[in-house]
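A.B. asks: The file below is coords30.txt, compact mmCIF, C-alpha atoms:
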# COMPACT_ATOMS: atom_id res chain seq x y z
CA MET R 1 -77.45 73.14 -133.48
CA LYS R 2 -77.69 69.36 -133.49
CA ALA R 3 -75.56 69.17 -136.61
CA ARG R 4 -72.99 71.42 -135.02
CA LEU R 5 -72.85 69.27 -131.88
CA LEU R 6 -72.47 66.19 -134.02
CA ALA R 7 -69.67 67.84 -135.96
CA LEU R 8 -67.96 68.78 -132.70
CA ALA R 9 -68.30 65.23 -131.40
CA LEU R 10 -66.79 63.91 -134.62
CA VAL R 11 -63.89 66.34 -134.45
CA LEU R 12 -63.23 65.37 -130.84
CA ALA R 13 -63.46 61.70 -131.70
CA THR R 14 -60.89 62.02 -134.49
CA ALA R 15 -58.66 64.09 -132.23
CA THR R 16 -58.50 61.25 -129.74
CA VAL R 17 -57.91 58.72 -132.48
CA TRP R 18 -54.90 60.78 -133.55
CA CYS R 19 -53.25 60.37 -130.21
CA GLN R 20 -54.13 56.77 -129.54
CA THR R 21 -53.05 54.63 -132.41
CA SER R 22 -50.99 51.85 -130.90
CA ASP R 23 -47.65 50.75 -132.21
CA PRO R 24 -47.84 47.64 -134.36
CA THR R 25 -44.07 47.07 -134.18
CA PRO R 26 -42.50 48.02 -130.85
CA LEU R 27 -38.85 49.03 -130.83
CA ARG R 28 -36.27 46.43 -129.85
CA PHE R 29 -33.07 47.36 -128.11
CA HIS R 30 -29.70 45.67 -128.36
CA ASP R 31 -28.88 46.13 -124.67
CA THR R 32 -29.89 48.10 -121.60
CA THR R 33 -27.28 50.85 -122.13
CA GLU R 34 -28.86 51.64 -125.44
CA GLU R 35 -32.32 51.51 -123.94
CA THR R 36 -31.42 53.83 -121.05
CA ARG R 37 -29.85 56.35 -123.40
CA PHE R 38 -32.85 56.17 -125.72
CA ARG R 39 -35.33 56.66 -122.87
CA ALA R 40 -33.42 59.64 -121.50
CA LEU R 41 -33.30 61.24 -124.92
CA VAL R 42 -36.95 60.80 -125.90
CA THR R 43 -38.16 62.01 -122.50
CA GLU R 44 -36.67 65.42 -123.17
CA LEU R 45 -38.11 65.65 -126.67
CA ARG R 46 -41.63 66.86 -127.26
CA CYS R 47 -44.15 65.13 -129.49
CA VAL R 48 -45.08 67.57 -132.25
CA MET R 49 -48.60 66.20 -132.62
CA CYS R 50 -49.82 65.78 -129.05
CA GLN R 51 -47.91 68.80 -127.89
CA ASN R 52 -48.19 68.34 -124.17
CA GLN R 53 -46.60 64.92 -124.21
CA SER R 54 -43.02 63.91 -124.51
CA LEU R 55 -41.89 61.75 -127.37
CA ALA R 56 -41.54 58.92 -124.86
CA ASP R 57 -45.15 59.12 -123.67
CA SER R 58 -46.95 59.92 -126.87
CA ASN R 59 -48.83 57.34 -128.85
CA ALA R 60 -49.37 59.52 -131.91
CA GLN R 61 -48.24 57.98 -135.16
CA ILE R 62 -45.68 60.70 -135.76
CA ALA R 63 -44.21 60.02 -132.31
CA HIS R 64 -43.67 56.38 -133.31
CA ASP R 65 -41.90 57.54 -136.45
CA LEU R 66 -39.76 60.01 -134.56
CA ARG R 67 -38.82 57.46 -131.89
CA ARG R 68 -37.81 55.04 -134.62
CA GLU R 69 -35.75 57.78 -136.27
CA VAL R 70 -34.06 58.66 -132.97
CA LEU R 71 -33.07 55.02 -132.47
CA THR R 72 -31.81 54.76 -136.06
CA LEU R 73 -29.70 57.87 -135.59
CA MET R 74 -28.32 56.52 -132.31
CA ARG R 75 -27.28 53.34 -134.09
CA LYS R 76 -25.59 55.41 -136.76
CA GLY R 77 -23.36 56.69 -133.97
CA ARG R 78 -24.77 60.21 -133.67
CA THR R 79 -24.37 61.96 -130.34
CA ASP R 80 -27.38 63.15 -128.32
CA ALA R 81 -26.60 66.74 -129.31
CA GLN R 82 -26.51 65.82 -133.00
CA ILE R 83 -29.86 64.05 -132.72
CA ARG R 84 -31.39 67.07 -131.00
CA ASP R 85 -30.01 69.33 -133.74
CA TYR R 86 -31.41 67.00 -136.37
CA LEU R 87 -34.91 67.31 -134.94
CA VAL R 88 -34.66 71.04 -134.26
CA ALA R 89 -33.61 71.63 -137.89
CA ARG R 90 -36.80 69.94 -139.05
CA TYR R 91 -39.39 70.71 -136.41
CA GLY R 92 -38.02 73.80 -134.69
CA GLU R 93 -36.91 74.67 -131.19
CA PHE R 94 -40.32 73.51 -129.99
CA VAL R 95 -39.30 69.85 -129.89
CA LEU R 96 -36.94 70.51 -127.01
CA TYR R 97 -38.60 70.40 -123.62
CA LYS R 98 -35.58 72.25 -122.31
CA PRO R 99 -35.07 75.16 -124.70
CA ARG R 100 -31.54 76.30 -125.39
CA VAL R 101 -30.21 79.51 -123.89
CA GLU R 102 -30.15 82.07 -126.68
CA GLY R 103 -31.51 85.53 -127.58
CA LYS R 104 -35.09 84.39 -128.09
CA THR R 105 -35.29 82.25 -124.96
CA TRP R 106 -33.40 84.61 -122.68
CA LEU R 107 -36.55 85.93 -121.00
CA LEU R 108 -37.84 82.40 -120.54
CA TRP R 109 -34.69 81.30 -118.76
CA PHE R 110 -33.98 84.36 -116.67
CA GLY R 111 -37.46 85.91 -116.33
CA PRO R 112 -38.22 84.11 -113.06
CA ALA R 113 -34.91 85.22 -111.56
CA LEU R 114 -35.67 88.80 -112.63
CA LEU R 115 -39.11 88.61 -111.01
CA LEU R 116 -37.55 87.24 -107.83
CA LEU R 117 -35.03 90.09 -107.80
CA ALA R 118 -37.77 92.66 -108.34
CA GLY R 119 -39.83 91.11 -105.54
CA GLY R 120 -36.83 91.08 -103.23
CA PHE R 121 -36.19 94.71 -104.03
CA VAL R 122 -39.77 95.70 -103.15
CA VAL R 123 -39.66 93.70 -99.90
CA ALA R 124 -36.32 95.28 -98.96
CA ARG R 125 -37.74 98.75 -99.53
CA VAL R 126 -40.84 98.04 -97.45
CA VAL R 127 -38.80 96.56 -94.63
CA ARG R 128 -36.36 99.47 -94.67
CA ARG R 129 -39.16 102.03 -94.61
CA HIS R 130 -40.74 100.44 -91.56
CA ALA R 131 -37.46 99.73 -89.80
CA GLY R 132 -37.21 103.29 -88.37
CA ASN R 133 -40.62 103.76 -86.81
CA GLU R 134 -40.48 100.56 -84.75
CA ALA R 135 -43.41 100.38 -82.31
CA LEU R 136 -44.66 96.80 -82.39
CA PRO R 137 -48.24 96.89 -81.15
CA SER R 138 -48.12 96.16 -77.42
CA ASP R 139 -51.78 95.40 -77.47
CA ASP R 140 -51.99 91.75 -76.29
CA ALA R 141 -55.69 91.60 -77.00
CA GLN R 142 -54.98 91.75 -80.69
CA GLU R 143 -54.89 88.20 -81.93
CA TRP R 144 -52.96 88.71 -85.10
CA MET Y 1 -47.43 102.23 -101.52
CA ARG Y 2 -51.14 101.56 -100.85
CA TRP Y 3 -51.64 101.12 -104.55
CA LEU Y 4 -48.93 98.51 -104.91
CA PRO Y 5 -51.25 95.46 -104.63
CA LEU Y 6 -53.67 96.99 -107.10
CA ALA Y 7 -50.84 97.84 -109.48
CA MET Y 8 -49.51 94.30 -109.22
CA PHE Y 9 -52.97 92.90 -109.82
CA ALA Y 10 -53.40 95.12 -112.86
CA GLY Y 11 -49.99 93.99 -114.14
CA LEU Y 12 -50.93 90.33 -113.78
CA ALA Y 13 -54.29 90.95 -115.44
CA VAL Y 14 -52.56 92.58 -118.42
CA LEU Y 15 -50.13 89.66 -118.63
CA LEU Y 16 -52.95 87.10 -118.65
CA ALA Y 17 -54.98 89.12 -121.14
CA ALA Y 18 -51.93 89.25 -123.40
CA GLY Y 19 -51.64 85.46 -123.14
CA VAL Y 20 -55.27 85.02 -124.16
CA TRP Y 21 -54.85 87.57 -126.97
CA LEU Y 22 -51.77 85.82 -128.32
CA SER Y 23 -53.55 82.46 -128.41
CA ARG Y 24 -56.60 83.77 -130.29
CA LYS Y 25 -55.58 82.25 -133.62
CA PRO Y 26 -57.41 79.03 -134.50
CA ASP Y 27 -54.15 77.42 -135.66
CA ARG Y 28 -52.18 78.34 -132.55
CA ASP Y 29 -51.03 74.72 -132.21
CA ALA Y 30 -49.31 74.84 -135.60
CA LEU Y 31 -45.57 74.91 -135.20
CA PRO Y 32 -43.64 77.52 -137.15
CA SER Y 33 -41.49 75.60 -139.60
CA PRO Y 34 -37.76 76.20 -139.32
CA LEU Y 35 -37.51 75.25 -143.00
CA ILE Y 36 -39.01 78.48 -144.32
CA GLY Y 37 -36.38 80.36 -146.33
CA LYS Y 38 -34.29 77.18 -146.63
CA PRO Y 39 -33.87 74.91 -149.63
CA ALA Y 40 -36.56 72.26 -149.84
CA PRO Y 41 -35.30 68.82 -148.79
CA ALA Y 42 -34.47 66.61 -151.73
CA PHE Y 43 -36.72 63.68 -152.47
CA SER Y 44 -37.29 61.12 -155.14
CA LEU Y 45 -40.64 59.38 -155.02
CA PRO Y 46 -42.78 57.24 -157.29
CA VAL Y 47 -45.73 58.83 -159.03
CA LEU Y 48 -48.96 57.48 -157.57
CA HIS Y 49 -50.51 56.81 -160.95
CA GLU Y 50 -47.32 55.39 -162.55
CA PRO Y 51 -45.38 53.63 -159.79
CA GLY Y 52 -42.48 52.98 -162.16
CA ARG Y 53 -41.77 56.68 -162.68
CA LEU Y 54 -39.83 58.67 -160.09
CA VAL Y 55 -40.24 62.40 -159.52
CA SER Y 56 -37.57 64.31 -157.64
CA LEU Y 57 -37.28 67.84 -156.37
CA GLY Y 58 -34.99 68.67 -159.31
CA ASP Y 59 -37.75 67.73 -161.76
CA LEU Y 60 -40.09 70.27 -160.18
CA LYS Y 61 -37.68 73.20 -159.97
CA GLY Y 62 -37.80 76.03 -162.49
CA ALA Y 63 -41.20 77.33 -161.46
CA ALA Y 64 -42.93 77.63 -158.12
CA PHE Y 65 -45.11 74.78 -156.91
CA VAL Y 66 -47.40 74.03 -154.01
CA LEU Y 67 -46.88 70.73 -152.20
CA ASN Y 68 -50.02 69.45 -150.50
CA VAL Y 69 -49.60 66.58 -148.04
CA TRP Y 70 -52.65 64.34 -147.83
CA GLY Y 71 -53.79 60.80 -147.17
CA SER Y 72 -57.02 58.93 -147.74
CA TRP Y 73 -57.00 58.18 -143.99
CA CYS Y 74 -57.12 61.86 -143.12
CA PRO Y 75 -60.58 63.34 -142.42
CA SER Y 76 -59.47 66.99 -142.70
CA CYS Y 77 -58.05 66.27 -146.15
CA ARG Y 78 -61.60 65.63 -147.33
CA ASP Y 79 -62.72 68.96 -145.91
CA GLU Y 80 -59.80 70.60 -147.65
CA HIS Y 81 -60.30 68.84 -150.95
CA ALA Y 82 -62.90 71.25 -152.37
CA VAL Y 83 -60.67 74.21 -151.49
CA ILE Y 84 -57.53 72.74 -153.00
CA THR Y 85 -59.50 71.74 -156.11
CA ARG Y 86 -60.76 75.29 -156.59
CA PHE Y 87 -57.25 76.60 -156.10
CA ALA Y 88 -55.65 74.10 -158.49
CA GLU Y 89 -58.26 74.82 -161.15
CA SER Y 90 -57.33 78.49 -161.07
CA LYS Y 91 -54.05 77.29 -162.66
CA ARG Y 92 -52.13 79.92 -160.76
CA VAL Y 93 -49.38 77.46 -159.83
CA ARG Y 94 -48.73 73.73 -160.01
CA VAL Y 95 -50.24 71.85 -157.10
CA VAL Y 96 -48.30 68.69 -156.34
CA GLY Y 97 -49.91 66.07 -154.14
CA TYR Y 98 -47.80 64.30 -151.51
CA ASN Y 99 -49.64 61.13 -150.66
CA TRP Y 100 -48.35 60.29 -147.22
CA LYS Y 101 -48.39 56.89 -145.49
CA ASP Y 102 -51.26 55.73 -147.56
CA ASP Y 103 -52.31 52.46 -149.06
CA HIS Y 104 -51.78 52.66 -152.82
CA ALA Y 105 -55.22 51.34 -153.76
CA ASP Y 106 -56.97 53.51 -151.13
CA ALA Y 107 -55.25 56.61 -152.43
CA LEU Y 108 -56.24 55.91 -156.02
CA ARG Y 109 -59.83 55.18 -154.99
CA TRP Y 110 -59.97 58.39 -152.95
CA LEU Y 111 -58.88 60.47 -155.93
CA GLU Y 112 -61.29 58.67 -158.22
CA GLN Y 113 -64.14 59.34 -155.87
CA PHE Y 114 -63.47 62.98 -155.05
CA GLY Y 115 -61.54 64.05 -158.14
CA ASN Y 116 -57.84 64.56 -158.72
CA PRO Y 117 -56.91 68.24 -158.68
CA TYR Y 118 -53.16 67.58 -158.61
CA TRP Y 119 -50.63 68.28 -161.33
CA VAL Y 120 -48.86 65.14 -160.18
CA VAL Y 121 -49.13 63.03 -157.04
CA VAL Y 122 -46.03 61.49 -155.49
CA ALA Y 123 -46.50 58.62 -153.05
CA ASP Y 124 -44.50 58.29 -149.83
CA GLU Y 125 -45.96 55.13 -148.40
CA ASP Y 126 -43.21 54.50 -145.86
CA SER Y 127 -42.78 58.11 -144.80
CA ARG Y 128 -39.22 58.28 -146.10
CA TYR Y 129 -39.05 62.04 -146.60
CA ALA Y 130 -41.74 63.33 -144.25
CA LEU Y 131 -39.28 63.86 -141.38
CA ASP Y 132 -36.95 65.85 -143.62
CA TRP Y 133 -39.84 68.13 -144.53
CA GLY Y 134 -40.88 68.50 -140.90
CA ILE Y 135 -44.29 67.01 -141.68
CA TYR Y 136 -46.17 65.91 -138.59
CA GLY Y 137 -49.74 65.53 -139.71
CA ALA Y 138 -51.91 65.82 -142.75
CA PRO Y 139 -52.97 68.05 -144.33
CA GLU Y 140 -49.95 70.30 -144.57
CA THR Y 141 -49.15 72.60 -147.46
CA PHE Y 142 -45.83 74.06 -148.59
CA LEU Y 143 -45.02 76.73 -151.14
CA VAL Y 144 -41.70 76.12 -152.90
CA ASP Y 145 -40.36 78.80 -155.22
CA ALA Y 146 -38.69 78.39 -158.62
CA ASN Y 147 -35.27 78.01 -156.99
CA GLY Y 148 -36.45 75.28 -154.68
CA ILE Y 149 -36.66 77.45 -151.55
CA ILE Y 150 -39.54 76.82 -149.13
CA ARG Y 151 -41.39 80.13 -148.86
CA TRP Y 152 -44.48 79.32 -146.82
CA LYS Y 153 -46.12 76.50 -144.92
CA HIS Y 154 -49.58 75.87 -143.57
CA VAL Y 155 -50.50 73.15 -141.09
CA GLY Y 156 -54.09 71.94 -141.17
CA ALA Y 157 -56.80 72.24 -143.78
CA LEU Y 158 -56.48 75.12 -146.22
CA THR Y 159 -59.39 77.52 -146.50
CA ASP Y 160 -60.15 80.07 -149.21
CA ASP Y 161 -59.19 82.81 -146.75
CA VAL Y 162 -55.79 81.25 -146.03
CA ILE Y 163 -55.11 80.95 -149.75
CA GLN Y 164 -56.25 84.52 -150.40
CA ASP Y 165 -54.51 86.16 -147.45
CA GLN Y 166 -51.33 84.09 -147.14
CA LEU Y 167 -50.55 81.71 -149.97
CA LEU Y 168 -51.21 84.06 -152.93
CA PRO Y 169 -49.26 87.00 -151.44
CA ALA Y 170 -46.35 84.66 -150.57
CA LEU Y 171 -46.44 83.30 -154.12
CA ALA Y 172 -46.49 86.80 -155.65
CA GLN Y 173 -43.58 87.80 -153.44
CA SER Y 174 -41.57 84.71 -154.39
CA GLU Y 175 -41.98 85.56 -158.06
CA GLN Y 176 -40.59 89.06 -157.77
CA PRO Y 177 -37.12 89.42 -159.25
CA ARG Y 178 -34.58 89.91 -156.51
Re-express the file's structure as structure tokens.
C.D. replies:
Amino acid sequence: MKARLLALALVLATATVWCQTSDPTPLRFHDTTEETRFRALVTELRCVMCQNQSLADSNAQIAHDLRREVLTLMRKGRTDAQIRDYLVARYGEFVLYKPRVEGKTWLLWFGPALLLLAGGFVVARVVRRHAGNEALPSDDAQEW
Amino acid sequence: MRWLPLAMFAGLAVLLAAGVWLSRKPDRDALPSPLIGKPAPAFSLPVLHEPGRLVSLGDLKGAAFVLNVWGSWCPSCRDEHAVITRFAESKRVRVVGYNWKDDHADALRWLEQFGNPYWVVVADEDSRYALDWGIYGAPETFLVDANGIIRWKHVGALTDDVIQDQLLPALAQSEQPR
């Protein structure tokens, strides 16, 4: 039991270490336009290691590498779309915080609208059913 | 109509249960690699034990090989080491080590201490090809077939079960004449 707890503690400790290595060489930008574009781009990309963080927020080593790569690609004159494609080709659709509209993501994009429609339909039916037999309770003593 | 709330509750319960069921796998965080079924990215890297000699993807083609990404800084790689050693010693397929972002001396010391199961170890100290391979942590393991197509990938430490249930069948399948 004790050994297992210790093992768990160790695993948890290493897990935190993974996400908290600090960057020895921060990125330098030529100008603010470049910096703004870079920030906008990395905010909508997901870190593949610490999966609930964006590339901009994550301190994982791989996030540093990917940020550096994004900046390098920007300086090579690639467009935002090309950079996104570059990362998707290597790490999959998962790196996009905003998945593209396609067959696989159709339900993700339009599911909520479908649910809303279904809900609206049910409400409409209930309202219509009760519309005929009016009779609001005239009992003033009733508080609700 | 009375049953509507109950039906909706049951529907939600099923949805949540399905979510829990789908996330039951221990490696649910592992991303499916988009590279599977695609040609392995080219690389040319120095051999860890002979820094002057370069090994490229072309040198490895002709027969299937397993590429195991590791680093002496990686705790899970130590857990995996016994498993990968057993597998490599079975001589079923070449196991190539991909020493990632490691200090040269540390890597050599690590192999000396725990044993070197690899057919050859290539060293990518500056992570030049890791992005192309979609590597995001160590250990990761790829199966590349004789034509240089990536057939299978595992993120995290290999276990005997993973090798038995996934890697060996994928290898057998990749060797079938098409």
A.B. asks: Atom CA of Ser174 of chain Y and atom CA of His154 of chain Y are how many Å apart?
C.D. replies: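 Going from atom CA of Ser174 of chain Y over to atom CA of His154 of chain Y covers 16.1 Å.
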A.B. asks: For Ser33 of chain Y, which residue among Y:Val155, Y:Val144, Y:Val162, Y:Ala170 is the nearest when counting all atoms listed in the file?
C.D. replies: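 Under the stated criterion, the closest residue is Y:Val155.
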A.B. asks: What does the distance between atom CA of Ala107 of chain Y and atom CA of Val55 of chain Y come to in Å, to one decimal place?
C.D. replies: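 Straight-line distance from atom CA of Ala107 of chain Y to atom CA of Val55 of chain Y works out to 17.6 Å.
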A.B. asks: With a cut-off of 7 Å and counting only C-alpha atoms, select all residues of chain R in contact with chain Y and give the selection as a list of chain:residue names.
C.D. replies: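 Here they are: R:Val48, R:Met49, R:Ile62, R:Ala89, R:Arg90, R:Tyr91, R:Gly92.
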A.B. asks: Take the residues that were just selected and, keeping C-alpha atoms, output them as a PDB file, keeping the file's coordinate frame.
C.D. replies:
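So the final result, stored in out_32.pdb, reads:
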ATOM      1  CA  VAL R  48     -45.080  67.570-132.250  1.00  0.00           C
ATOM      2  CA  MET R  49     -48.600  66.200-132.620  1.00  0.00           C
ATOM      3  CA  ILE R  62     -45.680  60.700-135.760  1.00  0.00           C
ATOM      4  CA  ALA R  89     -33.610  71.630-137.890  1.00  0.00           C
ATOM      5  CA  ARG R  90     -36.800  69.940-139.050  1.00  0.00           C
ATOM      6  CA  TYR R  91     -39.390  70.710-136.410  1.00  0.00           C
ATOM      7  CA  GLY R  92     -38.020  73.800-134.690  1.00  0.00           C
TER       8      GLY R  92
END
A.B. asks: Which residues are close to Arg46 of chain R, i.e. within 8 Å by only C-alpha atoms, leaving aside same-chain residues fewer than 4 positions away? Reply as a list in words.
C.D. replies: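 Counting only the stated atoms, we get Val42, Gln51, Asn52, Gln53, Ser54, Leu55, Phe94, Val95, Leu96 and Tyr97 of chain R.
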A.B. asks: Residues within 7 Å of Phe43 of chain Y, please, as JSON, numbers by chain. Count all atoms listed in the file; anything in the same chain fewer than 3 positions from it doesn't count.
C.D. replies: {"Y": [56, 57, 129]}
A.B. asks: Tell me, as a PyMOL selection string, which residues lie within 12 Å of segment 79-95 of chain Y, counting all atoms listed in the file; anything in the same chain fewer than 3 positions away does not count.
C.D. replies: (chain R and resi 11) or (chain Y and resi 60-72+74-76+98+110-111+113-122+138-146+155-164+167-168+171-172+174-175)
A.B. asks: Work out how far atom CA of Asp57 of chain R is from atom CA of Lys98 of chain R, in Å to one decimal.
C.D. replies: 16.3 Å
A.B. asks: Which residue, R:Ala60, R:Val70, R:Val88, R:Ala113, has the smallest gap to Glu34 of chain R when you use all atoms listed in the file?
C.D. replies: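 The closest residue to Glu34 of chain R is R:Val70.
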A.B. asks: Tell me which of Y:Ala10, Y:Ala123, Y:Leu108, Y:Leu15 sits closest to Ser44 of chain Y, counting all atoms listed in the file.
C.D. replies: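 Of Y:Ala10, Y:Ala123, Y:Leu108, Y:Leu15, the one nearest Ser44 of chain Y, counting all atoms listed in the file, is Y:Ala123.
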A.B. asks: From the coordinates I just gave you, please extract segment 97-129 of chain Y so that only C-alpha atoms remain, then output it as a PDB file, in the first residue's frame.
C.D. replies:
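What follows is the written file selection.pdb:
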ATOM      1  CA  GLY Y  97      16.505   3.595 -30.816  1.00  0.00           C
ATOM      2  CA  TYR Y  98      15.727   7.281 -31.336  1.00  0.00           C
ATOM      3  CA  ASN Y  99      17.590   9.132 -28.632  1.00  0.00           C
ATOM      4  CA  TRP Y 100      15.669  12.362 -28.321  1.00  0.00           C
ATOM      5  CA  LYS Y 101      16.895  15.668 -26.862  1.00  0.00           C
ATOM      6  CA  ASP Y 102      19.452  13.938 -24.786  1.00  0.00           C
ATOM      7  CA  ASP Y 103      22.937  14.734 -23.646  1.00  0.00           C
ATOM      8  CA  HIS Y 104      25.345  12.501 -25.561  1.00  0.00           C
ATOM      9  CA  ALA Y 105      27.289  11.342 -22.510  1.00  0.00           C
ATOM     10  CA  ASP Y 106      24.112  10.786 -20.456  1.00  0.00           C
ATOM     11  CA  ALA Y 107      22.620   8.653 -23.203  1.00  0.00           C
ATOM     12  CA  LEU Y 108      25.713   6.487 -23.473  1.00  0.00           C
ATOM     13  CA  ARG Y 109      25.889   6.084 -19.702  1.00  0.00           C
ATOM     14  CA  TRP Y 110      22.198   5.155 -19.551  1.00  0.00           C
ATOM     15  CA  LEU Y 111      22.674   2.396 -22.119  1.00  0.00           C
ATOM     16  CA  GLU Y 112      25.796   1.155 -20.385  1.00  0.00           C
ATOM     17  CA  GLN Y 113      23.988   0.956 -17.103  1.00  0.00           C
ATOM     18  CA  PHE Y 114      20.751  -0.658 -18.240  1.00  0.00           C
ATOM     19  CA  GLY Y 115      21.932  -2.469 -21.363  1.00  0.00           C
ATOM     20  CA  ASN Y 116      21.589  -1.591 -25.030  1.00  0.00           C
ATOM     21  CA  PRO Y 117      18.840  -3.609 -26.696  1.00  0.00           C
ATOM     22  CA  TYR Y 118      18.872  -1.548 -29.894  1.00  0.00           C
ATOM     23  CA  TRP Y 119      20.000  -2.615 -33.341  1.00  0.00           C
ATOM     24  CA  VAL Y 120      21.256   0.920 -33.787  1.00  0.00           C
ATOM     25  CA  VAL Y 121      20.611   4.150 -31.890  1.00  0.00           C
ATOM     26  CA  VAL Y 122      20.308   7.437 -33.749  1.00  0.00           C
ATOM     27  CA  ALA Y 123      20.712  10.647 -31.767  1.00  0.00           C
ATOM     28  CA  ASP Y 124      18.504  13.698 -32.300  1.00  0.00           C
ATOM     29  CA  GLU Y 125      19.911  16.059 -29.722  1.00  0.00           C
ATOM     30  CA  ASP Y 126      18.317  19.213 -31.113  1.00  0.00           C
ATOM     31  CA  SER Y 127      14.965  17.655 -31.942  1.00  0.00           C
ATOM     32  CA  ARG Y 128      15.379  18.246 -35.664  1.00  0.00           C
ATOM     33  CA  TYR Y 129      13.027  15.521 -36.866  1.00  0.00           C
TER      34      TYR Y 129
END
